[in-house]
$ cat my_file_26.cif   # mmCIF, C-alpha atoms (C1' of nucleotides)
data_final
loop_
_atom_site.label_atom_id
_atom_site.label_comp_id
_atom_site.auth_asym_id
_atom_site.auth_seq_id
_atom_site.Cartn_x
_atom_site.Cartn_y
_atom_site.Cartn_z
CA MET A 1 76.90 -46.97 -28.25
CA ALA A 2 73.47 -48.28 -29.26
CA ARG A 3 70.15 -47.30 -27.75
CA LYS A 4 68.13 -49.60 -25.53
CA THR A 5 66.21 -51.62 -28.05
CA GLY A 6 65.15 -51.26 -31.65
CA SER A 7 61.51 -50.41 -31.96
CA HIS A 8 60.93 -50.63 -35.69
CA SER A 9 62.69 -51.95 -38.80
CA GLY A 10 66.05 -50.58 -37.83
CA ILE A 11 69.73 -51.22 -38.04
CA THR A 12 71.83 -52.26 -35.07
CA GLY A 13 74.92 -50.92 -33.36
CA PRO A 14 76.97 -53.99 -34.23
CA ALA A 15 75.92 -53.67 -37.88
CA VAL A 16 77.29 -50.14 -37.96
CA ARG A 17 80.54 -51.22 -36.35
CA GLU A 18 80.91 -54.13 -38.74
CA ALA A 19 80.43 -51.93 -41.78
CA ALA A 20 82.85 -49.36 -40.42
CA GLN A 21 85.42 -52.04 -39.66
CA ARG A 22 85.25 -53.49 -43.15
CA LEU A 23 85.43 -50.11 -44.86
CA PHE A 24 88.15 -48.69 -42.61
CA ALA A 25 90.28 -51.79 -43.22
CA GLN A 26 89.73 -51.61 -46.96
CA HIS A 27 90.24 -47.91 -47.62
CA GLY A 28 91.56 -46.39 -44.42
CA PHE A 29 89.82 -44.34 -41.76
CA ALA A 30 90.40 -40.94 -43.33
CA ALA A 31 89.32 -42.12 -46.77
CA VAL A 32 85.94 -43.44 -45.65
CA SER A 33 83.04 -41.04 -45.16
CA MET A 34 80.11 -41.36 -42.81
CA ARG A 35 77.90 -41.42 -45.90
CA GLN A 36 79.72 -44.48 -47.22
CA ILE A 37 79.25 -46.31 -43.94
CA ALA A 38 75.60 -45.29 -43.90
CA ALA A 39 75.06 -46.51 -47.45
CA ASP A 40 76.69 -49.81 -46.53
CA VAL A 41 74.21 -50.44 -43.74
CA GLY A 42 71.31 -49.08 -45.85
CA VAL A 43 70.55 -45.83 -44.10
CA GLN A 44 71.15 -42.09 -44.34
CA ALA A 45 74.25 -40.54 -42.75
CA GLY A 46 72.36 -38.82 -39.97
CA ALA A 47 71.06 -42.11 -38.60
CA LEU A 48 74.58 -43.20 -37.67
CA TYR A 49 74.63 -40.64 -34.91
CA ASN A 50 72.13 -42.74 -32.98
CA TYR A 51 74.97 -45.25 -32.61
CA THR A 52 78.10 -43.18 -32.26
CA PRO A 53 78.72 -39.63 -31.05
CA ASP A 54 81.17 -39.04 -33.90
CA LYS A 55 83.47 -40.70 -36.41
CA GLN A 56 86.48 -40.64 -34.14
CA SER A 57 84.63 -42.56 -31.42
CA LEU A 58 83.66 -45.15 -33.99
CA LEU A 59 87.33 -45.79 -34.72
CA PHE A 60 88.29 -45.84 -31.07
CA ASP A 61 85.46 -48.26 -30.22
CA LEU A 62 86.69 -50.65 -32.88
CA MET A 63 90.28 -50.57 -31.67
CA LYS A 64 89.38 -50.70 -28.00
CA THR A 65 87.03 -53.62 -28.51
CA HIS A 66 89.67 -55.45 -30.50
CA MET A 67 92.34 -55.03 -27.85
CA ASP A 68 89.95 -55.95 -25.04
CA GLU A 69 88.95 -59.11 -26.86
CA LEU A 70 92.59 -59.95 -27.50
CA LEU A 71 93.55 -59.64 -23.85
CA GLU A 72 90.43 -61.41 -22.65
CA ALA A 73 90.90 -64.29 -25.09
CA TRP A 74 94.50 -64.65 -24.02
CA GLN A 75 93.60 -64.72 -20.33
CA ALA A 76 91.17 -67.51 -21.11
CA GLU A 77 93.76 -69.45 -23.08
CA LYS A 78 97.03 -69.04 -21.22
CA SER A 79 98.27 -71.98 -19.23
CA ASP A 80 100.71 -72.71 -16.44
CA GLY A 81 103.16 -75.15 -18.00
CA THR A 82 106.84 -74.79 -18.76
CA PRO A 83 108.06 -71.67 -20.54
CA LEU A 84 108.40 -73.72 -23.71
CA ASP A 85 104.79 -74.89 -23.48
CA ARG A 86 103.58 -71.39 -22.70
CA LEU A 87 105.48 -69.98 -25.67
CA GLU A 88 103.91 -72.54 -27.96
CA VAL A 89 100.45 -71.75 -26.65
CA PHE A 90 101.09 -68.05 -27.12
CA THR A 91 102.35 -68.52 -30.67
CA ARG A 92 99.43 -70.65 -31.78
CA PHE A 93 96.95 -68.39 -30.02
CA HIS A 94 98.37 -65.28 -31.64
CA ILE A 95 98.27 -66.77 -35.14
CA ARG A 96 94.74 -68.10 -34.74
CA PHE A 97 93.33 -64.96 -33.14
CA HIS A 98 94.84 -62.67 -35.75
CA LEU A 99 93.85 -64.81 -38.73
CA ASP A 100 90.28 -64.74 -37.41
CA ARG A 101 90.14 -60.92 -37.44
CA PRO A 102 92.13 -59.55 -40.36
CA ASP A 103 90.16 -56.32 -40.56
CA ALA A 104 90.38 -55.52 -36.87
CA VAL A 105 94.10 -56.30 -36.86
CA PHE A 106 94.70 -54.11 -39.86
CA ILE A 107 92.93 -51.18 -38.25
CA ALA A 108 94.60 -51.68 -34.89
CA TYR A 109 98.04 -51.44 -36.51
CA MET A 110 97.39 -48.82 -39.18
CA GLU A 111 95.08 -46.24 -37.75
CA LEU A 112 96.87 -45.34 -34.53
CA ARG A 113 97.75 -41.96 -36.06
CA ASN A 114 94.11 -41.05 -36.40
CA LEU A 115 93.41 -41.40 -32.69
CA SER A 116 93.28 -38.41 -30.38
CA PRO A 117 96.16 -38.35 -27.89
CA GLU A 118 94.08 -39.75 -25.03
CA ASN A 119 92.62 -42.49 -27.20
CA PHE A 120 96.07 -43.31 -28.50
CA ALA A 121 97.43 -43.64 -24.99
CA ALA A 122 94.59 -45.98 -24.04
CA ILE A 123 95.23 -48.31 -26.97
CA GLU A 124 98.98 -48.23 -26.46
CA ALA A 125 98.55 -49.25 -22.84
CA LEU A 126 96.53 -52.29 -23.90
CA ARG A 127 99.07 -53.20 -26.54
CA LYS A 128 101.82 -52.99 -23.96
CA ARG A 129 99.92 -55.28 -21.63
CA TYR A 130 99.76 -57.86 -24.40
CA GLU A 131 103.45 -57.52 -25.19
CA ASP A 132 104.22 -57.96 -21.51
CA GLU A 133 102.54 -61.35 -21.59
CA LEU A 134 105.04 -62.60 -24.16
CA GLU A 135 107.91 -60.81 -22.50
CA GLN A 136 107.15 -62.60 -19.25
CA ILE A 137 107.23 -65.97 -20.95
CA LEU A 138 110.56 -65.19 -22.60
CA SER A 139 111.95 -63.84 -19.37
CA ASP A 140 110.91 -66.94 -17.41
CA GLY A 141 112.36 -69.18 -20.08
CA LYS A 142 115.69 -67.39 -20.02
CA GLN A 143 115.84 -67.58 -16.24
CA ALA A 144 115.13 -71.30 -16.49
CA GLY A 145 117.98 -71.68 -18.96
CA VAL A 146 115.76 -73.00 -21.74
CA PHE A 147 115.63 -69.81 -23.87
CA HIS A 148 118.76 -67.94 -24.83
CA GLN A 149 117.75 -64.60 -26.36
CA PRO A 150 120.39 -61.98 -25.51
CA ASP A 151 117.77 -59.21 -25.23
CA THR A 152 114.33 -60.20 -24.02
CA LYS A 153 112.59 -56.92 -24.82
CA LEU A 154 113.83 -56.85 -28.40
CA ALA A 155 113.00 -60.53 -28.83
CA THR A 156 109.45 -59.79 -27.70
CA LEU A 157 108.96 -57.07 -30.27
CA ALA A 158 110.67 -59.05 -33.02
CA LEU A 159 108.53 -62.14 -32.45
CA ILE A 160 105.27 -60.22 -32.28
CA ALA A 161 106.11 -58.43 -35.53
CA MET A 162 106.95 -61.74 -37.17
CA LEU A 163 103.74 -63.39 -36.01
CA THR A 164 101.43 -60.48 -36.77
CA GLY A 165 102.85 -60.33 -40.27
CA VAL A 166 100.91 -63.46 -41.11
CA THR A 167 97.80 -61.34 -41.69
CA THR A 168 99.46 -59.51 -44.57
CA TRP A 169 99.86 -62.57 -46.76
CA TYR A 170 97.73 -65.47 -45.54
CA ARG A 171 94.71 -66.34 -47.68
CA GLY A 172 92.40 -69.17 -46.74
CA ASP A 173 92.45 -70.57 -50.25
CA GLY A 174 96.24 -70.84 -50.46
CA ARG A 175 98.41 -73.93 -50.15
CA LEU A 176 98.68 -73.82 -46.35
CA THR A 177 96.04 -74.54 -43.72
CA ARG A 178 95.80 -72.37 -40.64
CA GLU A 179 97.22 -75.20 -38.54
CA GLY A 180 100.05 -75.69 -40.99
CA VAL A 181 100.91 -72.02 -40.79
CA ALA A 182 100.87 -72.14 -37.00
CA ASP A 183 103.17 -75.18 -37.06
CA LEU A 184 105.67 -73.37 -39.27
CA TYR A 185 105.65 -70.18 -37.22
CA TRP A 186 106.05 -72.16 -34.03
CA ASP A 187 109.10 -73.87 -35.49
CA MET A 188 110.69 -70.51 -36.23
CA VAL A 189 109.75 -68.95 -32.90
CA ARG A 190 111.17 -71.86 -30.93
CA LYS A 191 114.42 -71.81 -32.84
CA ALA A 192 114.70 -68.01 -32.70
CA VAL A 193 114.88 -68.07 -28.90
CA GLY A 194 117.29 -70.99 -28.98
CA ALA A 195 114.97 -73.67 -27.60
CA MET B 1 108.73 -33.88 -61.71
CA ALA B 2 110.56 -30.56 -61.39
CA ARG B 3 111.14 -28.07 -64.17
CA LYS B 4 114.53 -27.44 -65.73
CA THR B 5 116.02 -24.92 -63.34
CA GLY B 6 114.67 -22.45 -60.83
CA SER B 7 114.90 -18.93 -62.13
CA HIS B 8 113.93 -16.96 -59.04
CA SER B 9 113.54 -17.55 -55.28
CA GLY B 10 111.84 -20.88 -55.65
CA ILE B 11 111.18 -24.17 -53.99
CA THR B 12 112.49 -27.42 -55.42
CA GLY B 13 110.97 -30.72 -56.47
CA PRO B 14 112.84 -32.64 -53.77
CA ALA B 15 111.65 -30.16 -51.15
CA VAL B 16 108.06 -30.89 -52.10
CA ARG B 17 108.62 -34.64 -51.96
CA GLU B 18 110.34 -34.38 -48.60
CA ALA B 19 107.50 -32.40 -47.09
CA ALA B 20 104.94 -34.79 -48.53
CA GLN B 21 106.88 -37.77 -47.21
CA ARG B 22 107.07 -36.39 -43.71
CA LEU B 23 103.42 -35.40 -43.62
CA PHE B 24 102.10 -38.59 -45.23
CA ALA B 25 104.08 -40.66 -42.73
CA GLN B 26 102.84 -38.61 -39.82
CA HIS B 27 99.15 -38.30 -40.62
CA GLY B 28 98.46 -40.60 -43.55
CA PHE B 29 98.00 -39.86 -47.22
CA ALA B 30 94.25 -39.29 -47.11
CA ALA B 31 94.49 -37.07 -44.04
CA VAL B 32 97.02 -34.65 -45.55
CA SER B 33 95.83 -31.90 -47.90
CA MET B 34 97.73 -30.27 -50.70
CA ARG B 35 97.38 -27.02 -48.78
CA GLN B 36 99.19 -28.53 -45.78
CA ILE B 37 102.05 -29.70 -47.97
CA ALA B 38 102.19 -26.28 -49.61
CA ALA B 39 102.26 -24.51 -46.24
CA ASP B 40 105.07 -26.80 -45.12
CA VAL B 41 107.28 -25.78 -48.04
CA GLY B 42 106.16 -22.15 -47.74
CA VAL B 43 104.05 -21.73 -50.82
CA GLN B 44 100.43 -21.66 -51.98
CA ALA B 45 98.69 -24.87 -52.99
CA GLY B 46 98.59 -24.08 -56.68
CA ALA B 47 102.38 -23.91 -56.89
CA LEU B 48 102.68 -27.61 -56.09
CA TYR B 49 101.27 -28.45 -59.50
CA ASN B 50 104.51 -27.25 -61.05
CA TYR B 51 106.09 -30.31 -59.41
CA THR B 52 103.46 -33.01 -59.56
CA PRO B 53 100.50 -33.58 -61.87
CA ASP B 54 98.32 -34.55 -58.89
CA LYS B 55 98.32 -35.84 -55.33
CA GLN B 56 98.17 -39.48 -56.33
CA SER B 57 101.33 -39.18 -58.43
CA LEU B 58 103.09 -37.60 -55.48
CA LEU B 59 102.36 -40.70 -53.40
CA PHE B 60 103.35 -43.07 -56.16
CA ASP B 61 106.61 -41.20 -56.80
CA LEU B 62 107.53 -41.53 -53.14
CA MET B 63 106.84 -45.24 -53.03
CA LYS B 64 108.43 -45.98 -56.37
CA THR B 65 111.57 -44.04 -55.49
CA HIS B 66 111.81 -45.83 -52.18
CA MET B 67 111.53 -49.28 -53.73
CA ASP B 68 113.98 -48.42 -56.50
CA GLU B 69 116.50 -47.19 -53.97
CA LEU B 70 116.00 -50.30 -51.88
CA LEU B 71 116.67 -52.64 -54.78
CA GLU B 72 119.56 -50.56 -56.08
CA ALA B 73 121.21 -50.35 -52.66
CA TRP B 74 120.85 -54.09 -52.22
CA GLN B 75 122.38 -54.81 -55.60
CA ALA B 76 125.35 -52.66 -54.58
CA GLU B 77 125.69 -54.43 -51.25
CA LYS B 78 125.00 -58.09 -51.90
CA SER B 79 127.97 -60.40 -51.96
CA ASP B 80 128.85 -63.87 -53.19
CA GLY B 81 129.84 -65.72 -50.02
CA THR B 82 128.23 -68.67 -48.32
CA PRO B 83 124.48 -68.62 -47.72
CA LEU B 84 125.18 -67.87 -44.06
CA ASP B 85 127.33 -64.87 -44.97
CA ARG B 86 124.79 -63.66 -47.49
CA LEU B 87 121.99 -63.96 -44.94
CA GLU B 88 123.97 -61.91 -42.46
CA VAL B 89 124.68 -59.24 -45.06
CA PHE B 90 121.01 -59.14 -45.98
CA THR B 91 119.90 -58.85 -42.37
CA ARG B 92 122.28 -56.04 -41.51
CA PHE B 93 121.54 -54.26 -44.77
CA HIS B 94 117.79 -54.46 -44.22
CA ILE B 95 118.00 -53.11 -40.68
CA ARG B 96 120.33 -50.27 -41.64
CA PHE B 97 118.44 -49.25 -44.76
CA HIS B 98 115.09 -49.24 -43.01
CA LEU B 99 116.30 -47.39 -39.93
CA ASP B 100 117.67 -44.70 -42.24
CA ARG B 101 114.27 -44.09 -43.86
CA PRO B 102 111.51 -44.50 -41.30
CA ASP B 103 109.10 -42.22 -43.13
CA ALA B 104 109.53 -43.84 -46.52
CA VAL B 105 109.19 -47.30 -45.00
CA PHE B 106 106.05 -46.32 -43.16
CA ILE B 107 104.45 -45.01 -46.32
CA ALA B 108 105.53 -47.98 -48.41
CA TYR B 109 103.81 -50.36 -46.01
CA MET B 110 100.75 -48.35 -45.04
CA GLU B 111 99.55 -46.51 -48.10
CA LEU B 112 99.30 -49.33 -50.62
CA ARG B 113 95.51 -49.04 -50.45
CA ASN B 114 95.62 -45.50 -51.73
CA LEU B 115 97.37 -46.44 -54.96
CA SER B 116 95.50 -46.88 -58.21
CA PRO B 117 95.45 -50.51 -59.41
CA GLU B 118 98.24 -49.99 -61.93
CA ASN B 119 100.41 -48.15 -59.43
CA PHE B 120 99.73 -50.82 -56.84
CA ALA B 121 100.80 -53.55 -59.23
CA ALA B 122 104.03 -51.71 -59.99
CA ILE B 123 104.96 -51.36 -56.31
CA GLU B 124 103.99 -54.94 -55.53
CA ALA B 125 106.24 -56.19 -58.31
CA LEU B 126 109.20 -54.34 -56.82
CA ARG B 127 108.43 -55.64 -53.37
CA LYS B 128 108.30 -59.17 -54.72
CA ARG B 129 111.69 -58.73 -56.36
CA TYR B 130 113.13 -57.77 -52.99
CA GLU B 131 111.51 -60.71 -51.24
CA ASP B 132 112.90 -62.99 -53.91
CA GLU B 133 116.41 -61.89 -52.97
CA LEU B 134 115.97 -63.20 -49.46
CA GLU B 135 114.10 -66.27 -50.65
CA GLN B 136 117.00 -67.18 -52.91
CA ILE B 137 119.45 -66.97 -50.03
CA LEU B 138 117.25 -69.17 -47.86
CA SER B 139 116.72 -71.60 -50.68
CA ASP B 140 120.45 -71.88 -51.40
CA GLY B 141 121.17 -72.35 -47.71
CA LYS B 142 118.64 -75.13 -47.41
CA GLN B 143 120.01 -76.89 -50.48
CA ALA B 144 123.49 -76.63 -48.95
CA GLY B 145 122.18 -78.20 -45.75
CA VAL B 146 123.10 -75.20 -43.58
CA PHE B 147 119.56 -73.79 -43.16
CA HIS B 148 116.66 -75.97 -42.08
CA GLN B 149 113.44 -73.97 -42.50
CA PRO B 150 110.62 -76.37 -43.45
CA ASP B 151 108.98 -73.80 -45.72
CA THR B 152 111.23 -71.32 -47.48
CA LYS B 153 108.49 -69.00 -48.75
CA LEU B 154 106.91 -68.61 -45.35
CA ALA B 155 110.30 -68.16 -43.71
CA THR B 156 111.02 -65.35 -46.16
CA LEU B 157 107.86 -63.49 -45.29
CA ALA B 158 108.25 -64.13 -41.57
CA LEU B 159 111.82 -62.85 -41.47
CA ILE B 160 111.07 -59.74 -43.50
CA ALA B 161 108.15 -58.91 -41.23
CA MET B 162 110.34 -59.41 -38.18
CA LEU B 163 113.13 -57.21 -39.53
CA THR B 164 110.91 -54.46 -40.88
CA GLY B 165 109.20 -54.27 -37.49
CA VAL B 166 112.30 -52.57 -36.13
CA THR B 167 111.08 -49.26 -37.55
CA THR B 168 108.00 -49.31 -35.32
CA TRP B 169 109.91 -49.16 -32.05
CA TYR B 170 113.55 -48.11 -32.58
CA ARG B 171 114.46 -44.61 -31.44
CA GLY B 172 117.98 -43.30 -31.81
CA ASP B 173 118.05 -42.06 -28.24
CA GLY B 174 117.15 -45.41 -26.70
CA ARG B 175 119.44 -47.87 -24.95
CA LEU B 176 120.50 -49.71 -28.12
CA THR B 177 122.77 -48.54 -30.92
CA ARG B 178 121.93 -49.32 -34.51
CA GLU B 179 124.77 -51.84 -34.64
CA GLY B 180 123.58 -53.41 -31.41
CA VAL B 181 120.09 -53.79 -32.83
CA ALA B 182 121.48 -55.36 -36.01
CA ASP B 183 123.53 -57.80 -33.92
CA LEU B 184 120.47 -58.88 -31.97
CA TYR B 185 118.29 -59.31 -35.04
CA TRP B 186 121.01 -61.25 -36.78
CA ASP B 187 121.21 -63.60 -33.81
CA MET B 188 117.48 -64.29 -34.07
CA VAL B 189 117.46 -64.63 -37.84
CA ARG B 190 120.32 -67.11 -37.82
CA LYS B 191 118.72 -69.23 -35.14
CA ALA B 192 115.27 -69.04 -36.74
CA VAL B 193 116.53 -70.80 -39.88
CA GLY B 194 118.45 -73.32 -37.80
CA ALA B 195 121.99 -72.15 -38.62
"C1'" DT C 1 117.50 -1.87 -71.14
"C1'" DA C 2 113.90 -4.68 -73.07
"C1'" DT C 3 112.28 -9.10 -73.35
"C1'" DT C 4 111.46 -13.61 -71.95
"C1'" DG C 5 109.41 -17.26 -69.34
"C1'" DA C 6 109.34 -20.15 -65.42
"C1'" DA C 7 107.60 -19.76 -60.56
"C1'" DG C 8 104.21 -18.45 -57.49
"C1'" DT C 9 99.74 -16.03 -56.12
"C1'" DG C 10 95.10 -15.86 -54.91
"C1'" DA C 11 90.72 -16.52 -56.17
"C1'" DA C 12 87.54 -19.48 -58.00
"C1'" DC C 13 85.49 -24.17 -59.62
"C1'" DG C 14 82.48 -27.99 -58.22
"C1'" DT C 15 82.26 -31.40 -54.99
"C1'" DA C 16 82.63 -33.65 -50.54
"C1'" DT C 17 83.09 -33.63 -45.65
"C1'" DG C 18 81.31 -34.29 -40.45
"C1'" DT C 19 77.59 -33.02 -37.98
"C1'" DT C 20 72.94 -31.10 -36.65
"C1'" DC C 21 68.05 -31.02 -36.48
"C1'" DA C 22 63.02 -30.31 -37.49
"C1'" DG C 23 59.89 -33.28 -39.09
"C1'" DA C 24 58.02 -37.78 -40.78
"C1'" DT C 25 57.38 -42.75 -39.59
"C1'" DA C 26 55.94 -46.52 -37.20
"C1'" DG C 27 56.22 -50.00 -33.39
"C1'" DT C 28 54.82 -50.20 -28.31
"C1'" DT C 29 52.28 -48.95 -24.39
"C1'" DT C 30 48.23 -47.24 -22.07
"C1'" DA D 1 42.15 -45.23 -30.14
"C1'" DA D 2 45.43 -42.18 -28.29
"C1'" DA D 3 49.82 -41.03 -26.57
"C1'" DC D 4 54.49 -42.03 -26.52
"C1'" DT D 5 59.09 -42.65 -28.07
"C1'" DA D 6 62.95 -44.50 -30.51
"C1'" DT D 7 64.36 -44.31 -35.30
"C1'" DC D 8 65.32 -42.53 -39.68
"C1'" DT D 9 64.96 -39.00 -43.43
"C1'" DG D 10 66.32 -35.15 -45.98
"C1'" DA D 11 67.87 -30.84 -46.06
"C1'" DA D 12 70.95 -27.66 -44.38
"C1'" DC D 13 75.33 -25.83 -42.00
"C1'" DA D 14 80.03 -24.30 -42.34
"C1'" DT D 15 84.18 -25.89 -43.79
"C1'" DA D 16 87.48 -28.33 -46.48
"C1'" DC D 17 89.03 -30.69 -50.54
"C1'" DG D 18 91.85 -31.28 -55.27
"C1'" DT D 19 92.57 -28.79 -59.08
"C1'" DT D 20 92.62 -24.89 -62.53
"C1'" DC D 21 93.92 -20.49 -64.28
"C1'" DA D 22 94.47 -15.48 -65.35
"C1'" DC D 23 97.66 -12.68 -63.57
"C1'" DT D 24 101.85 -10.94 -61.17
"C1'" DT D 25 106.71 -11.21 -60.08
"C1'" DC D 26 111.48 -11.25 -60.98
"C1'" DA D 27 116.08 -13.43 -62.25
"C1'" DA D 28 118.34 -14.38 -66.44
"C1'" DT D 29 119.09 -13.52 -71.18
"C1'" DA D 30 119.78 -10.83 -75.40
#
$ encode --input "my_file_26.cif" --output "structure tokens"
Amino acid sequence: MARKTGSHSGITGPAVREAAQRLFAQHGFAAVSMRQIAADVGVQAGALYNYTPDKQSLLFDLMKTHMDELLEAWQAEKSDGTPLDRLEVFTRFHIRFHLDRPDAVFIAYMELRNLSPENFAAIEALRKRYEDELEQILSDGKQAGVFHQPDTKLATLALIAMLTGVTTWYRGDGRLTREGVADLYWDMVRKAVGA
Amino acid sequence: MARKTGSHSGITGPAVREAAQRLFAQHGFAAVSMRQIAADVGVQAGALYNYTPDKQSLLFDLMKTHMDELLEAWQAEKSDGTPLDRLEVFTRFHIRFHLDRPDAVFIAYMELRNLSPENFAAIEALRKRYEDELEQILSDGKQAGVFHQPDTKLATLALIAMLTGVTTWYRGDGRLTREGVADLYWDMVRKAVGA
DNA sequence: TATTGAAGTGAACGTATGTTCAGATAGTTT
DNA sequence: AAACTATCTGAACATACGTTCACTTCAATA
């Protein structure tokens, strides 16, 4: 957490978090040293401790912020239409949000092991809340007779894995636009639940 | 690589690889020390260097062996039926193979960043060969008019991500059997490609 | 029984780690 | 101009790392 206000030249809390996010995503949490992060923001290692109590908190802050933003963005985007409409909105939202934050997504999925037990539980709870949003849509759609997945919980996990996978291969300079990718995933999601 | 034959009490090459696999999967490659691996097999750190030239080679051996086994097992399992039959065989094979090796799968997907460039290229080539197996099935099925995915390459990546995701949540003591899980994934895969 | 040689020990190597802190630096306030 | 205070440096702390190696151990061989 940053101090009140920078008084001289100075780096910023966000700058530290951005550098950490980039480096953690590129090399992994355990493989990145505080000195590397410091060098990236142009400062000595000791100065980082004005912005974070320790390295572990830096990781947790990144993951917590990411999950909070995910849930908040979804609350702002979700709508009240038919299950089919809601599923399409969810699919396109998920693709867009994740393509916008490849580093944060990578960290959120890969560095869970490096969290302390309490921190891990906190992140898992947020992840579950997000999964529940999709599960509710699938559940409503099945009740309405428009979706036909035999197991709603498994379908939830399978679809999220499929959608999140986009971050592992999509490159902005490839043959597909972001909208094109979303269209194609939506086609598969809709069919997968039998709608 | 292990020496010819143990002459006294002795650990074994496989024992070292198994300990490394378990620990790498649990805590991550960079977070596990050679001393931890040594302690796990009941030996001092220096003794490990009778079985591997260095830590990096230990990781590469694990990933290479995993990918070789994956491709070899698939070659033994794949059949010559209709595209729909072949897709079902692939789906059930993938689920079964991956559920049998959660640690190896975890490492193969999470530790790519810790490989040297040459080692990375080698693993990526093997992964691509596996993806091509599924892509060929999807391509044949589309040509035959039985599958209807608009983009075969994306469908390949999406389906593999969906199927591989099973390792992140499946626990043997849960409510679903391995066969039940395979049935449910097969239902989604079939529908997702419009068959 | 004497010899061999692979397997393992335990200490050492140089280097790197996360974190702390006294002191220097320099805007801001009085 | 003086006092204040947030910021950053640079050195130091204890600990850990991957790797090497002279030496011991001990089953198998001759």
$ resolve_selection --input "my_file_26.cif" --expression "the PyMOL selection byres ((chain A) within 9 of (chain B))" --output "PyMOL selection string"
chain A and resi 26-31+110-111+113-114+149-151+154-155+157-166+169+181+184-185+187-194
$ resolve_selection --input "my_file_26.cif" --expression "the PyMOL selection byres ((chain D) within 7 of (chain A))" --output "ChimeraX atom specification"
/D:6-9
$ interface_residues --input "my_file_26.cif" --of "chain C" --to "chain B" --cutoff "7 Å" --atoms "only C-alpha atoms (C1' of nucleotides)" --output "mmCIF file with C-alpha atoms (C1' of nucleotides), in the coordinates of the input"
data_model
loop_
_atom_site.group_PDB
_atom_site.id
_atom_site.type_symbol
_atom_site.label_atom_id
_atom_site.label_comp_id
_atom_site.auth_asym_id
_atom_site.auth_seq_id
_atom_site.Cartn_x
_atom_site.Cartn_y
_atom_site.Cartn_z
ATOM 1 C "C1'" DA C 6 109.340 -20.150 -65.420
ATOM 2 C "C1'" DA C 7 107.600 -19.760 -60.560
ATOM 3 C "C1'" DG C 8 104.210 -18.450 -57.490
#
$ atom_distance --input "my_file_26.cif" --atom1 "C1' of DT20 in chain C" --atom2 "C1' of DC13 in chain D"
7.9 Å
$ residues_around --input "my_file_26.cif" --residues "range 9-17 of chain C" --least-positions-apart "2" --cutoff "8 Å" --atoms "all atoms listed in the file" --output "PyMOL selection string"
(chain A and resi 33) or (chain B and resi 44) or (chain D and resi 16-17+20+24)
$ atom_distance --input "my_file_26.cif" --atom1 "CA of Thr167 in chain B" --atom2 "CA of Ala122 in chain A"
21.6 Å
$ residues_near_point --input "my_file_26.cif" --point "(117.6, -52.2, -38.6)" --cutoff "6 Å" --atoms "all atoms listed in the file" --output "list of chain:residue names"
B:Ile95, B:Arg96, B:His98, B:Leu99, B:Val166, B:Ala182
$ residues_around --input "my_file_26.cif" --residues "range 130-144 of chain A" --least-positions-apart "4" --cutoff "7 Å" --atoms "all atoms listed in the file" --output "list in words"
Leu71, Pro83, Arg86, Leu87, Leu126, His148, Thr152, Lys153 and Thr156 of chain A
$ atom_distance --input "my_file_26.cif" --atom1 "CA of Glu77 in chain B" --atom2 "CA of Lys64 in chain B"
19.9 Å
$ resolve_selection --input "my_file_26.cif" --expression "the PyMOL selection byres ((chain B and resi 16-23) around 10)" --output "PyMOL selection string"
chain B and resi 1-2+11-15+24-29+31-34+36-42+48+51-52+55+58-59+61-63+102-104+106-107
$ residues_around --input "my_file_26.cif" --residues "DT30 in chain C" --least-positions-apart "6" --cutoff "10 Å" --atoms "only C-alpha atoms (C1' of nucleotides)" --output "MDAnalysis selection string"
chainID D and resid 2:4
$ closest_residue --input "my_file_26.cif" --among "A:Ala121, A:Arg127, A:Val89, A:Asp54" --to "Leu70 in chain A" --atoms "all atoms listed in the file"
A:Arg127
$ decode --input "my_file_26.cif" --residues "range 10-15 of chain D" --atoms "N, CA, C and O atoms (P, O5', C5', C4', C3', O3' and C1' of nucleotides)" --output "compact mmCIF listing (two decimals), in the first residue's frame"
# COMPACT_ATOMS: atom_id res chain seq x y z
P DG D 10 23.55 4.52 -4.05
O5' DG D 10 24.29 3.72 -2.89
C5' DG D 10 24.62 4.41 -1.69
C4' DG D 10 24.98 3.42 -0.61
C3' DG D 10 25.60 2.12 -1.12
O3' DG D 10 26.63 1.76 -0.22
C1' DG D 10 23.74 1.61 0.18
P DA D 11 27.80 0.75 -0.63
O5' DA D 11 28.11 0.11 0.79
C5' DA D 11 27.86 0.90 1.96
C4' DA D 11 27.23 0.04 3.02
C3' DA D 11 27.79 -1.39 3.12
O3' DA D 11 28.23 -1.60 4.43
C1' DA D 11 25.43 -1.43 3.16
P DA D 12 29.19 -2.81 4.82
O5' DA D 12 28.25 -3.70 5.75
C5' DA D 12 27.49 -3.06 6.77
C4' DA D 12 26.31 -3.93 7.12
C3' DA D 12 26.66 -5.40 7.29
O3' DA D 12 26.58 -5.74 8.67
C1' DA D 12 24.61 -5.08 6.08
P DC D 13 26.99 -7.18 9.21
O5' DC D 13 25.57 -7.93 9.21
C5' DC D 13 24.52 -7.45 10.04
C4' DC D 13 23.33 -8.38 9.90
C3' DC D 13 23.71 -9.85 9.80
O3' DC D 13 23.63 -10.43 11.09
C1' DC D 13 22.06 -9.25 8.14
P DA D 14 24.17 -11.73 11.61
O5' DA D 14 23.14 -12.84 11.09
C5' DA D 14 21.77 -12.71 11.42
C4' DA D 14 20.95 -13.57 10.49
C3' DA D 14 21.39 -15.05 10.44
O3' DA D 14 20.25 -15.85 10.57
C1' DA D 14 21.31 -14.14 8.25
P DT D 15 20.42 -17.46 10.68
O5' DT D 15 19.91 -17.89 9.23
C5' DT D 15 18.74 -17.27 8.69
C4' DT D 15 18.64 -17.58 7.23
C3' DT D 15 18.89 -19.05 6.87
O3' DT D 15 17.73 -19.55 6.26
C1' DT D 15 20.00 -17.59 5.38
